[in-house]
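Just coords07.cif here, mmCIF, C-alpha atoms and all ligand atoms:
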data_upload
loop_
_atom_site.group_PDB
_atom_site.id
_atom_site.type_symbol
_atom_site.label_atom_id
_atom_site.label_comp_id
_atom_site.auth_asym_id
_atom_site.auth_seq_id
_atom_site.Cartn_x
_atom_site.Cartn_y
_atom_site.Cartn_z
ATOM 1 C CA MET A 522 -5.691 -5.037 -16.786
ATOM 2 C CA ARG A 523 -3.343 -7.385 -18.640
ATOM 3 C CA ARG A 524 0.331 -7.805 -18.112
ATOM 4 C CA ALA A 525 3.036 -9.269 -20.260
ATOM 5 C CA PRO A 526 3.869 -12.741 -18.947
ATOM 6 C CA GLY A 527 7.533 -11.739 -18.685
ATOM 7 C CA CYS A 528 6.780 -9.085 -16.096
ATOM 8 C CA LEU A 529 4.640 -11.460 -14.142
ATOM 9 C CA LEU A 530 7.460 -13.956 -13.954
ATOM 10 C CA ARG A 531 10.074 -11.504 -12.927
ATOM 11 C CA THR A 532 8.046 -10.203 -10.010
ATOM 12 C CA SER A 533 7.594 -13.762 -8.833
ATOM 13 C CA VAL A 534 11.263 -14.589 -8.809
ATOM 14 C CA ALA A 535 13.960 -11.949 -8.645
ATOM 15 C CA PRO A 536 14.422 -10.286 -5.253
ATOM 16 C CA ALA A 537 14.851 -6.884 -6.860
ATOM 17 C CA ALA A 538 11.602 -7.347 -8.709
ATOM 18 C CA ALA A 539 9.921 -8.597 -5.582
ATOM 19 C CA LEU A 540 11.021 -5.359 -4.004
ATOM 20 C CA ALA A 541 9.502 -3.304 -6.782
ATOM 21 C CA ALA A 542 6.305 -5.295 -6.660
ATOM 22 C CA ALA A 543 6.189 -4.857 -2.924
ATOM 23 C CA LEU A 544 6.661 -1.112 -3.168
ATOM 24 C CA LEU A 545 3.874 -0.939 -5.685
ATOM 25 C CA SER A 546 1.680 -3.157 -3.633
ATOM 26 C CA SER A 547 -1.454 -2.794 -1.710
ATOM 27 C CA LEU A 548 -2.869 0.426 -0.526
ATOM 28 C CA ALA A 549 -6.532 1.091 -0.489
ATOM 29 C CA ARG A 550 -7.579 4.599 0.385
ATOM 30 C CA CYS A 551 -11.068 3.178 0.500
ATOM 31 C CA SER A 552 -10.323 0.020 2.357
ATOM 32 C CA VAL A 553 -12.071 -3.140 1.369
ATOM 33 C CA LEU A 554 -13.163 -5.118 4.389
ATOM 34 C CA GLU A 555 -14.794 -7.866 2.368
ATOM 35 C CA PRO A 556 -12.280 -9.056 -0.230
ATOM 36 C CA ARG A 557 -14.822 -11.223 -2.061
ATOM 37 C CA ASP A 558 -17.337 -8.423 -2.555
ATOM 38 C CA PRO A 559 -17.590 -8.307 -6.373
ATOM 39 C CA VAL A 560 -18.415 -4.587 -6.535
ATOM 40 C CA ALA A 561 -15.564 -3.634 -4.199
ATOM 41 C CA SER A 562 -13.177 -5.950 -6.033
ATOM 42 C CA SER A 563 -13.917 -4.456 -9.425
ATOM 43 C CA LEU A 564 -13.543 -0.894 -8.117
ATOM 44 C CA SER A 565 -10.467 -1.402 -5.934
ATOM 45 C CA PRO A 566 -7.823 -1.197 -8.686
ATOM 46 C CA TYR A 567 -8.908 2.408 -9.284
ATOM 47 C CA PHE A 568 -8.289 3.628 -5.732
ATOM 48 C CA GLY A 569 -4.904 4.859 -4.613
ATOM 49 C CA THR A 570 -1.598 4.847 -6.424
ATOM 50 C CA LYS A 571 -0.359 1.485 -5.184
ATOM 51 C CA THR A 572 -1.353 -1.521 -7.224
ATOM 52 C CA ARG A 573 -2.612 -4.470 -5.224
ATOM 53 C CA TYR A 574 -0.777 -7.807 -5.496
ATOM 54 C CA GLU A 575 -3.860 -9.483 -6.972
ATOM 55 C CA ASP A 576 -4.214 -6.799 -9.642
ATOM 56 C CA VAL A 577 -0.595 -7.189 -10.715
ATOM 57 C CA ASN A 578 -0.858 -10.951 -10.668
ATOM 58 C CA PRO A 579 -4.464 -12.192 -11.152
ATOM 59 C CA VAL A 580 -3.319 -15.799 -10.600
ATOM 60 C CA LEU A 581 -3.304 -14.885 -6.892
ATOM 61 C CA LEU A 582 -7.084 -14.593 -6.876
ATOM 62 C CA SER A 583 -7.429 -18.360 -7.186
ATOM 63 C CA GLY A 584 -4.311 -19.316 -5.208
ATOM 64 C CA PRO A 585 -3.139 -16.505 -2.914
ATOM 65 C CA GLU A 586 -0.758 -18.776 -0.999
ATOM 66 C CA ALA A 587 0.636 -20.805 -3.871
ATOM 67 C CA PRO A 588 4.075 -19.868 -5.213
ATOM 68 C CA TRP A 589 4.309 -19.419 -8.917
ATOM 69 C CA ARG A 590 7.291 -18.750 -11.106
ATOM 70 C CA ASP A 591 8.520 -19.051 -14.652
ATOM 71 C CA PRO A 592 9.578 -22.684 -15.043
ATOM 72 C CA GLU A 593 12.512 -21.567 -17.177
ATOM 73 C CA LEU A 594 13.888 -19.139 -14.664
ATOM 74 C CA LEU A 595 16.278 -20.426 -12.002
ATOM 75 C CA GLU A 596 15.764 -23.956 -13.326
ATOM 76 C CA GLY A 597 19.030 -25.643 -12.416
ATOM 77 C CA THR A 598 20.982 -22.565 -13.416
ATOM 78 C CA CYS A 599 21.331 -20.662 -10.177
ATOM 79 C CA THR A 600 20.838 -21.086 -6.460
ATOM 80 C CA PRO A 601 19.273 -18.304 -4.440
ATOM 81 C CA VAL A 602 21.571 -17.462 -1.531
ATOM 82 C CA GLN A 603 19.992 -14.337 -0.153
ATOM 83 C CA LEU A 604 16.683 -12.534 -0.361
ATOM 84 C CA VAL A 605 16.242 -8.893 0.568
ATOM 85 C CA ALA A 606 12.779 -7.407 0.197
ATOM 86 C CA LEU A 607 11.324 -3.998 0.890
ATOM 87 C CA ILE A 608 7.717 -4.661 1.671
ATOM 88 C CA ARG A 609 5.059 -2.033 1.891
ATOM 89 C CA HIS A 610 2.443 -2.325 4.647
ATOM 90 C CA GLY A 611 -0.816 -4.066 3.754
ATOM 91 C CA THR A 612 -4.180 -2.551 2.867
ATOM 92 C CA ARG A 613 -5.173 0.112 5.345
ATOM 93 C CA TYR A 614 -7.910 2.539 6.287
ATOM 94 C CA PRO A 615 -7.648 6.123 5.062
ATOM 95 C CA THR A 616 -5.672 8.406 7.385
ATOM 96 C CA ALA A 617 -7.461 10.830 9.714
ATOM 97 C CA LYS A 618 -6.550 13.661 7.333
ATOM 98 C CA GLN A 619 -8.027 11.801 4.368
ATOM 99 C CA ILE A 620 -11.162 10.999 6.371
ATOM 100 C CA ARG A 621 -11.530 14.711 7.235
ATOM 101 C CA LYS A 622 -11.360 15.627 3.554
ATOM 102 C CA LEU A 623 -13.821 12.894 2.632
ATOM 103 C CA ARG A 624 -16.234 14.351 5.193
ATOM 104 C CA GLN A 625 -15.724 17.803 3.725
ATOM 105 C CA LEU A 626 -16.510 16.542 0.232
ATOM 106 C CA HIS A 627 -19.459 14.554 1.538
ATOM 107 C CA GLY A 628 -20.787 17.655 3.311
ATOM 108 C CA LEU A 629 -20.402 19.646 0.125
ATOM 109 C CA LEU A 630 -22.454 17.104 -1.801
ATOM 110 C CA GLN A 631 -25.114 16.916 0.903
ATOM 111 C CA ALA A 632 -25.436 20.711 0.988
ATOM 112 C CA ARG A 633 -25.779 20.706 -2.776
ATOM 113 C CA GLY A 634 -28.392 17.922 -2.539
ATOM 114 C CA SER A 635 -30.570 19.790 -0.057
ATOM 115 C CA ARG A 636 -30.377 22.891 -2.248
ATOM 116 C CA ASP A 637 -31.779 21.296 -5.375
ATOM 117 C CA GLY A 638 -33.525 18.245 -3.919
ATOM 118 C CA GLY A 639 -30.974 15.895 -5.424
ATOM 119 C CA ALA A 640 -32.479 16.072 -8.876
ATOM 120 C CA SER A 641 -30.353 16.920 -11.869
ATOM 121 C CA SER A 642 -31.572 19.041 -14.750
ATOM 122 C CA THR A 643 -32.889 15.887 -16.415
ATOM 123 C CA GLY A 644 -34.873 15.036 -13.317
ATOM 124 C CA SER A 645 -32.972 11.834 -12.602
ATOM 125 C CA ARG A 646 -30.799 11.336 -9.543
ATOM 126 C CA ASP A 647 -27.172 11.991 -10.379
ATOM 127 C CA LEU A 648 -23.825 10.731 -9.139
ATOM 128 C CA GLY A 649 -23.390 13.584 -6.652
ATOM 129 C CA ALA A 650 -26.730 12.764 -5.045
ATOM 130 C CA ALA A 651 -25.878 9.079 -4.863
ATOM 131 C CA LEU A 652 -22.558 9.898 -3.185
ATOM 132 C CA ALA A 653 -24.285 12.263 -0.753
ATOM 133 C CA ASP A 654 -26.533 9.361 0.305
ATOM 134 C CA TRP A 655 -23.601 7.021 0.784
ATOM 135 C CA PRO A 656 -23.107 6.430 4.498
ATOM 136 C CA LEU A 657 -19.644 7.702 5.292
ATOM 137 C CA TRP A 658 -18.686 5.114 7.861
ATOM 138 C CA TYR A 659 -15.014 6.001 8.392
ATOM 139 C CA ALA A 660 -14.271 6.994 11.988
ATOM 140 C CA ASP A 661 -11.325 9.015 13.318
ATOM 141 C CA TRP A 662 -9.839 6.058 15.193
ATOM 142 C CA MET A 663 -9.263 4.240 11.883
ATOM 143 C CA ASP A 664 -6.495 6.716 11.065
ATOM 144 C CA GLY A 665 -4.456 4.727 8.543
ATOM 145 C CA GLN A 666 -4.557 1.495 10.515
ATOM 146 C CA LEU A 667 -4.166 -1.862 8.848
ATOM 147 C CA VAL A 668 -7.464 -3.592 7.963
ATOM 148 C CA GLU A 669 -8.027 -7.352 8.050
ATOM 149 C CA LYS A 670 -7.388 -7.511 4.309
ATOM 150 C CA GLY A 671 -3.992 -5.914 5.004
ATOM 151 C CA ARG A 672 -3.101 -8.621 7.516
ATOM 152 C CA GLN A 673 -4.127 -11.194 4.966
ATOM 153 C CA ASP A 674 -1.962 -9.476 2.290
ATOM 154 C CA MET A 675 1.067 -9.904 4.538
ATOM 155 C CA ARG A 676 0.350 -13.466 5.691
ATOM 156 C CA GLN A 677 -0.143 -14.619 2.116
ATOM 157 C CA LEU A 678 2.976 -12.814 0.916
ATOM 158 C CA ALA A 679 5.028 -14.574 3.591
ATOM 159 C CA LEU A 680 3.566 -17.946 2.617
ATOM 160 C CA ARG A 681 4.322 -17.357 -1.059
ATOM 161 C CA LEU A 682 7.896 -16.268 -0.436
ATOM 162 C CA ALA A 683 8.571 -19.167 1.924
ATOM 163 C CA SER A 684 7.228 -21.690 -0.598
ATOM 164 C CA LEU A 685 9.039 -20.038 -3.468
ATOM 165 C CA PHE A 686 12.444 -20.157 -1.752
ATOM 166 C CA PRO A 687 12.289 -23.344 0.348
ATOM 167 C CA ALA A 688 16.077 -23.527 0.765
ATOM 168 C CA LEU A 689 16.271 -19.990 2.141
ATOM 169 C CA PHE A 690 13.315 -20.531 4.452
ATOM 170 C CA SER A 691 14.494 -23.866 5.793
ATOM 171 C CA ARG A 692 14.291 -24.408 9.540
ATOM 172 C CA GLU A 693 18.049 -24.237 9.896
ATOM 173 C CA ASN A 694 17.865 -20.658 8.607
ATOM 174 C CA TYR A 695 15.451 -19.510 11.310
ATOM 175 C CA GLY A 696 18.182 -17.596 13.060
ATOM 176 C CA ARG A 697 19.115 -15.709 9.916
ATOM 177 C CA LEU A 698 15.762 -14.048 9.365
ATOM 178 C CA ARG A 699 15.863 -10.324 9.977
ATOM 179 C CA LEU A 700 12.799 -8.133 9.972
ATOM 180 C CA ILE A 701 13.107 -4.366 10.303
ATOM 181 C CA THR A 702 10.089 -2.116 10.498
ATOM 182 C CA SER A 703 9.212 1.509 11.172
ATOM 183 C CA SER A 704 7.292 2.325 14.337
ATOM 184 C CA LYS A 705 4.139 3.252 12.422
ATOM 185 C CA HIS A 706 1.244 1.109 13.702
ATOM 186 C CA ARG A 707 0.327 -0.181 10.227
ATOM 187 C CA CYS A 708 3.930 -1.269 9.655
ATOM 188 C CA MET A 709 4.253 -2.936 13.059
ATOM 189 C CA ASP A 710 0.969 -4.739 12.415
ATOM 190 C CA SER A 711 2.125 -5.706 8.917
ATOM 191 C CA SER A 712 5.333 -7.175 10.360
ATOM 192 C CA ALA A 713 3.348 -9.179 12.885
ATOM 193 C CA ALA A 714 1.018 -10.507 10.172
ATOM 194 C CA PHE A 715 4.018 -11.385 7.971
ATOM 195 C CA LEU A 716 5.576 -13.336 10.855
ATOM 196 C CA GLN A 717 2.258 -15.075 11.463
ATOM 197 C CA GLY A 718 2.281 -16.154 7.815
ATOM 198 C CA LEU A 719 5.774 -17.576 8.287
ATOM 199 C CA TRP A 720 4.635 -19.335 11.439
ATOM 200 C CA GLN A 721 1.813 -20.923 9.432
ATOM 201 C CA HIS A 722 4.407 -22.106 6.918
ATOM 202 C CA TYR A 723 6.503 -23.813 9.578
ATOM 203 C CA HIS A 724 3.659 -25.010 11.814
ATOM 204 C CA PRO A 725 0.635 -25.650 9.589
ATOM 205 C CA GLY A 726 -2.577 -25.870 11.549
ATOM 206 C CA LEU A 727 -1.173 -24.453 14.797
ATOM 207 C CA PRO A 728 -2.421 -21.081 16.058
ATOM 208 C CA PRO A 729 0.457 -18.564 15.950
ATOM 209 C CA PRO A 730 1.746 -17.365 19.340
ATOM 210 C CA ASP A 731 2.503 -13.764 20.200
ATOM 211 C CA VAL A 732 5.112 -12.348 17.814
ATOM 212 C CA ALA A 733 7.498 -11.784 20.720
ATOM 213 C CA ASP A 734 7.456 -15.519 21.418
ATOM 214 C CA MET A 735 8.316 -16.598 17.872
ATOM 215 C CA GLU A 736 11.773 -17.924 17.036
ATOM 216 C CA PHE A 737 12.269 -15.294 14.351
ATOM 217 C CA GLY A 738 10.535 -12.376 16.066
ATOM 218 C CA PRO A 739 9.954 -9.720 17.140
ATOM 219 C CA PRO A 740 10.892 -7.274 14.368
ATOM 220 C CA THR A 741 13.452 -4.558 14.999
ATOM 221 C CA VAL A 742 12.089 -1.008 14.947
ATOM 222 C CA ASN A 743 14.402 1.399 13.130
ATOM 223 C CA ASP A 744 12.813 4.710 12.178
ATOM 224 C CA LYS A 745 16.092 6.315 11.241
ATOM 225 C CA LEU A 746 16.363 3.799 8.429
ATOM 226 C CA MET A 747 12.742 3.112 7.540
ATOM 227 C CA ARG A 748 11.503 6.699 7.884
ATOM 228 C CA PHE A 749 14.652 8.307 6.569
ATOM 229 C CA PHE A 750 12.527 11.133 5.133
ATOM 230 C CA ASP A 751 11.904 12.365 8.692
ATOM 231 C CA HIS A 752 15.529 12.075 9.761
ATOM 232 C CA CYS A 753 17.834 12.651 6.822
ATOM 233 C CA LYS A 754 19.034 16.258 7.152
ATOM 234 C CA LYS A 755 20.175 16.519 3.561
ATOM 235 C CA PHE A 756 16.839 15.330 2.232
ATOM 236 C CA LEU A 757 14.934 17.700 4.520
ATOM 237 C CA THR A 758 16.903 20.842 3.676
ATOM 238 C CA GLU A 759 17.662 20.188 0.028
ATOM 239 C CA VAL A 760 14.361 18.660 -1.046
ATOM 240 C CA GLU A 761 11.515 18.555 1.447
ATOM 241 C CA LYS A 762 11.731 22.201 2.595
ATOM 242 C CA ASN A 763 13.102 23.555 -0.648
ATOM 243 C CA ALA A 764 10.529 25.318 -2.821
ATOM 244 C CA THR A 765 12.952 25.432 -5.735
ATOM 245 C CA ALA A 766 13.459 21.690 -5.700
ATOM 246 C CA LEU A 767 9.715 21.116 -5.504
ATOM 247 C CA TYR A 768 8.832 23.714 -8.094
ATOM 248 C CA HIS A 769 7.669 21.141 -10.641
ATOM 249 C CA VAL A 770 5.421 19.418 -8.127
ATOM 250 C CA GLU A 771 3.571 22.690 -7.530
ATOM 251 C CA ALA A 772 3.502 23.457 -11.232
ATOM 252 C CA PHE A 773 1.994 20.057 -11.891
ATOM 253 C CA LYS A 774 -0.634 20.394 -9.174
ATOM 254 C CA THR A 775 -1.733 23.835 -10.290
ATOM 255 C CA GLY A 776 -1.180 23.344 -14.020
ATOM 256 C CA PRO A 777 -3.804 23.388 -16.781
ATOM 257 C CA GLU A 778 -4.093 19.578 -16.957
ATOM 258 C CA MET A 779 -5.032 19.396 -13.296
ATOM 259 C CA GLN A 780 -7.442 22.293 -13.631
ATOM 260 C CA ASN A 781 -9.133 20.405 -16.461
ATOM 261 C CA ILE A 782 -9.548 17.351 -14.279
ATOM 262 C CA LEU A 783 -10.994 19.481 -11.483
ATOM 263 C CA LYS A 784 -13.462 21.042 -13.913
ATOM 264 C CA LYS A 785 -14.554 17.606 -15.118
ATOM 265 C CA VAL A 786 -15.044 16.348 -11.561
ATOM 266 C CA ALA A 787 -16.966 19.498 -10.633
ATOM 267 C CA ALA A 788 -19.179 19.112 -13.703
ATOM 268 C CA THR A 789 -19.892 15.440 -12.961
ATOM 269 C CA LEU A 790 -20.735 16.161 -9.332
ATOM 270 C CA GLN A 791 -22.538 19.378 -10.287
ATOM 271 C CA VAL A 792 -20.733 21.525 -7.746
ATOM 272 C CA PRO A 793 -18.946 24.829 -8.397
ATOM 273 C CA VAL A 794 -15.319 24.205 -9.287
ATOM 274 C CA ASN A 795 -14.281 26.802 -6.687
ATOM 275 C CA ASP A 796 -15.790 24.684 -3.920
ATOM 276 C CA LEU A 797 -13.472 21.889 -4.963
ATOM 277 C CA ASN A 798 -10.533 24.239 -5.202
ATOM 278 C CA ALA A 799 -10.760 25.174 -1.532
ATOM 279 C CA GLY A 800 -8.410 22.543 -0.148
ATOM 280 C CA LEU A 801 -10.355 19.639 -1.526
ATOM 281 C CA SER A 802 -8.551 19.691 -4.829
ATOM 282 C CA GLN A 803 -5.496 18.625 -2.887
ATOM 283 C CA PHE A 804 -7.400 15.524 -1.886
ATOM 284 C CA LEU A 805 -8.745 14.805 -5.342
ATOM 285 C CA LEU A 806 -5.314 15.294 -6.813
ATOM 286 C CA GLN A 807 -3.517 13.329 -4.174
ATOM 287 C CA SER A 808 -3.106 10.290 -6.356
ATOM 288 C CA SER A 809 -1.349 12.298 -8.978
ATOM 289 C CA SER A 810 0.840 14.245 -6.612
ATOM 290 C CA SER A 811 2.014 11.204 -4.726
ATOM 291 C CA LEU A 812 3.371 9.852 -7.956
ATOM 292 C CA VAL A 813 5.629 12.857 -8.058
ATOM 293 C CA MET A 814 6.466 13.078 -4.399
ATOM 294 C CA GLN A 815 8.848 10.319 -3.475
ATOM 295 C CA ARG A 816 8.237 11.151 0.135
ATOM 296 C CA LEU A 817 4.668 9.930 -0.039
ATOM 297 C CA PHE A 818 5.688 6.928 -2.031
ATOM 298 C CA PHE A 819 8.089 5.818 0.662
ATOM 299 C CA HIS A 820 5.606 6.586 3.390
ATOM 300 C CA CYS A 821 6.263 3.463 5.261
ATOM 301 C CA PHE A 822 7.488 0.011 4.587
ATOM 302 C CA LEU A 823 9.146 -2.766 6.348
ATOM 303 C CA SER A 824 12.263 -4.471 5.325
ATOM 304 C CA TRP A 825 12.912 -8.108 5.598
ATOM 305 C CA ALA A 826 15.955 -10.123 4.808
ATOM 306 C CA THR A 827 17.072 -13.689 5.009
ATOM 307 C CA SER A 828 20.410 -15.116 4.132
ATOM 308 C CA LYS A 829 21.692 -18.580 3.510
ATOM 309 C CA THR A 830 25.291 -17.466 3.439
ATOM 310 C CA ARG A 831 27.421 -19.419 5.856
ATOM 311 C CA ASN A 832 29.770 -16.591 6.710
ATOM 312 C CA PRO A 833 29.642 -15.428 10.323
HETATM 313 C C1 LIG B 1 17.125 23.639 -3.581
HETATM 314 O O1 LIG B 1 16.923 22.989 -4.812
HETATM 315 C C2 LIG B 1 17.636 23.530 -5.887
HETATM 316 C C3 LIG B 1 17.170 22.834 -7.154
HETATM 317 O O2 LIG B 1 17.263 21.442 -7.024
HETATM 318 C C4 LIG B 1 19.132 23.379 -5.633
HETATM 319 O O3 LIG B 1 19.885 23.921 -6.706
HETATM 320 C C5 LIG B 1 19.487 24.069 -4.324
HETATM 321 O O4 LIG B 1 20.829 23.838 -4.008
HETATM 322 C C6 LIG B 1 18.597 23.581 -3.191
HETATM 323 N N1 LIG B 1 18.797 24.392 -1.987
HETATM 324 C C7 LIG B 1 19.270 23.911 -0.850
HETATM 325 C C8 LIG B 1 19.299 24.855 0.309
HETATM 326 O O5 LIG B 1 19.688 22.784 -0.747
#
Translate the structure described by the file into structure tokens.
Amino acid sequence: MRRAPGCLLRTSVAPAAALAAALLSSLARCSVLEPRDPVASSLSPYFGTKTRYEDVNPVLLSGPEAPWRDPELLEGTCTPVQLVALIRHGTRYPTAKQIRKLRQLHGLLQARGSRDGGASSTGSRDLGAALADWPLWYADWMDGQLVEKGRQDMRQLALRLASLFPALFSRENYGRLRLITSSKHRCMDSSAAFLQGLWQHYHPGLPPPDVADMEFGPPTVNDKLMRFFDHCKKFLTEVEKNATALYHVEAFKTGPEMQNILKKVAATLQVPVNDLNAGLSQFLLQSSSSLVMQRLFFHCFLSWATSKTRNP
């Protein structure tokens, strides 16, 4: 995937763009535990609806902690005084619900395999059979938790931001750092990893202490703000529980384009399309529907702000 250099630069510099990049950042429904695995790395951009930092900006693959920005931007023309970023949690495991659906699909493929011996009409082993043989190693406890790659996402992001805005992240500004997170475990863990990255920036080589013992920690938990979709009455009554407002989402999910995709998937896996329709389609179509549903998009993020302003 190639990007116009202009976009690349903007995401590296402007806070608003950093926010957008952060919102679009890392989610892996199929979490990658080994970031250097070439097969996993080449497949990862196709999972989930959130683009990973390294896929947006391939320069990160060779220098994940090095700041990079357009030399022409900000050069002697303006001074950053405040940075506000909305940061999505790092790479995580699938949720328990997603794992359940994966098992269902896996079971469907295994049942199909034992029916016809795993051989396609041409006699060769097909994709469905290969997937049925894949060891489904996700366990219930994983339930959307942050993986090690997710911690690394956050540590490296903190290091890049701190190096990119040295004046904002100066020691004298310690007391001005504010980190707000939702209570979701993956967000709390992301906040902790982010703070560990900052600690690394200020104390290179020293092992980070507990987040509670850091000068700029711990983060403030504020679900009313960060999970507004669970608390905002207007949103709940006028959108979330309003079939009229969500009419187009349903129309999209059950429309002819989606049915075509389902048919193609069913044909590739050689299973009856009706078997996919029974609840599983929801899973297969999740990527598409979450593009429509803002609620899923804003699932959880943490907010972080630092200010250099001298006002009390
Ligand atoms: C539900 O959504 C429709 C369409 O957006 C809107 O006109 C209506 O006022 C909403 N209903 C409620 C109870 O908010």
- Item | Env. residues ligand LIG 1 (chain B) / 6 Å / only C-alpha atoms and all ligand atoms / as a ChimeraX atom specification | /A:758-759,763,765-766
- Item | Matched chain/residue IDs from the PyMOL selection byres (((chain A and resi 702) around 7) and not hetatm), as a list in words | Leu700, Ile701, Ser703, Ser704, Cys708, Met709, Ser712, Pro740, Thr741, Val742, Asn743, Met747, Phe822, Leu823 and Ser824 of chain A
- Message: To one decimal place in Å, what is the distance between CA of Arg692 in chain A and CA of Tyr723 in chain A?
- Response: 7.8 Å
- Pick from A:Arg748, A:Arg621, A:Lys705, A:Arg681: nearest to His722 in chain A, with only C-alpha atoms counted?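 Between A:Arg748, A:Arg621, A:Lys705, A:Arg681, the residue approaching His722 in chain A most closely is A:Arg681.
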The PyMOL selection byres (((chain A and resi 783) around 8) and not hetatm) resolved against shown file, as a CSV table (one decimal) with C-alpha atoms, in the frame of the given file:
chain,number,residue,atom,x,y,z
A,779,MET,CA,-5.0,19.4,-13.3
A,780,GLN,CA,-7.4,22.3,-13.6
A,781,ASN,CA,-9.1,20.4,-16.5
A,782,ILE,CA,-9.5,17.4,-14.3
A,784,LYS,CA,-13.5,21.0,-13.9
A,785,LYS,CA,-14.6,17.6,-15.1
A,786,VAL,CA,-15.0,16.3,-11.6
A,787,ALA,CA,-17.0,19.5,-10.6
A,794,VAL,CA,-15.3,24.2,-9.3
A,797,LEU,CA,-13.5,21.9,-5.0
A,798,ASN,CA,-10.5,24.2,-5.2
A,802,SER,CA,-8.6,19.7,-4.8
Closest atom pairs, residues of range 625-718 of chain A within 12 Å of range 598-606 of chain A, only C-alpha atoms, as a Markdown table:
| residue | atom | partner | partner_atom | distance |
| --- | --- | --- | --- | --- |
| A:Leu678 | CA | A:Ala606 | CA | 11.2 |
| A:Ala679 | CA | A:Ala606 | CA | 11.1 |
| A:Leu682 | CA | A:Leu604 | CA | 9.5 |
| A:Ala683 | CA | A:Leu604 | CA | 10.7 |
| A:Leu685 | CA | A:Pro601 | CA | 10.4 |
| A:Phe686 | CA | A:Pro601 | CA | 7.6 |
| A:Pro687 | CA | A:Pro601 | CA | 9.9 |
| A:Ala688 | CA | A:Pro601 | CA | 8.0 |
| A:Leu689 | CA | A:Val602 | CA | 6.9 |
| A:Phe690 | CA | A:Leu604 | CA | 9.9 |
| A:Asn694 | CA | A:Gln603 | CA | 11.0 |
| A:Arg697 | CA | A:Gln603 | CA | 10.2 |
| A:Leu698 | CA | A:Leu604 | CA | 9.9 |
| A:Arg699 | CA | A:Val605 | CA | 9.5 |
| A:Leu700 | CA | A:Ala606 | CA | 9.8 |
| A:Ile701 | CA | A:Ala606 | CA | 10.6 |
| A:Thr702 | CA | A:Ala606 | CA | 11.9 |
- Task: Could you check which of A:Thr612, A:Val580, A:Leu626, A:Glu771 is closest to Ser565 in chain A, using only C-alpha atoms?
- Result: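 Counting only C-alpha atoms, the residue closest to Ser565 in chain A is A:Thr612.
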- Quick one: apply the PyMOL selection byres (((chain A and resi 707) around 8) and not hetatm) to the file and drop the selected residues here as a PyMOL selection string. chain A and resi 610-611+613+665-667+705-706+708-711
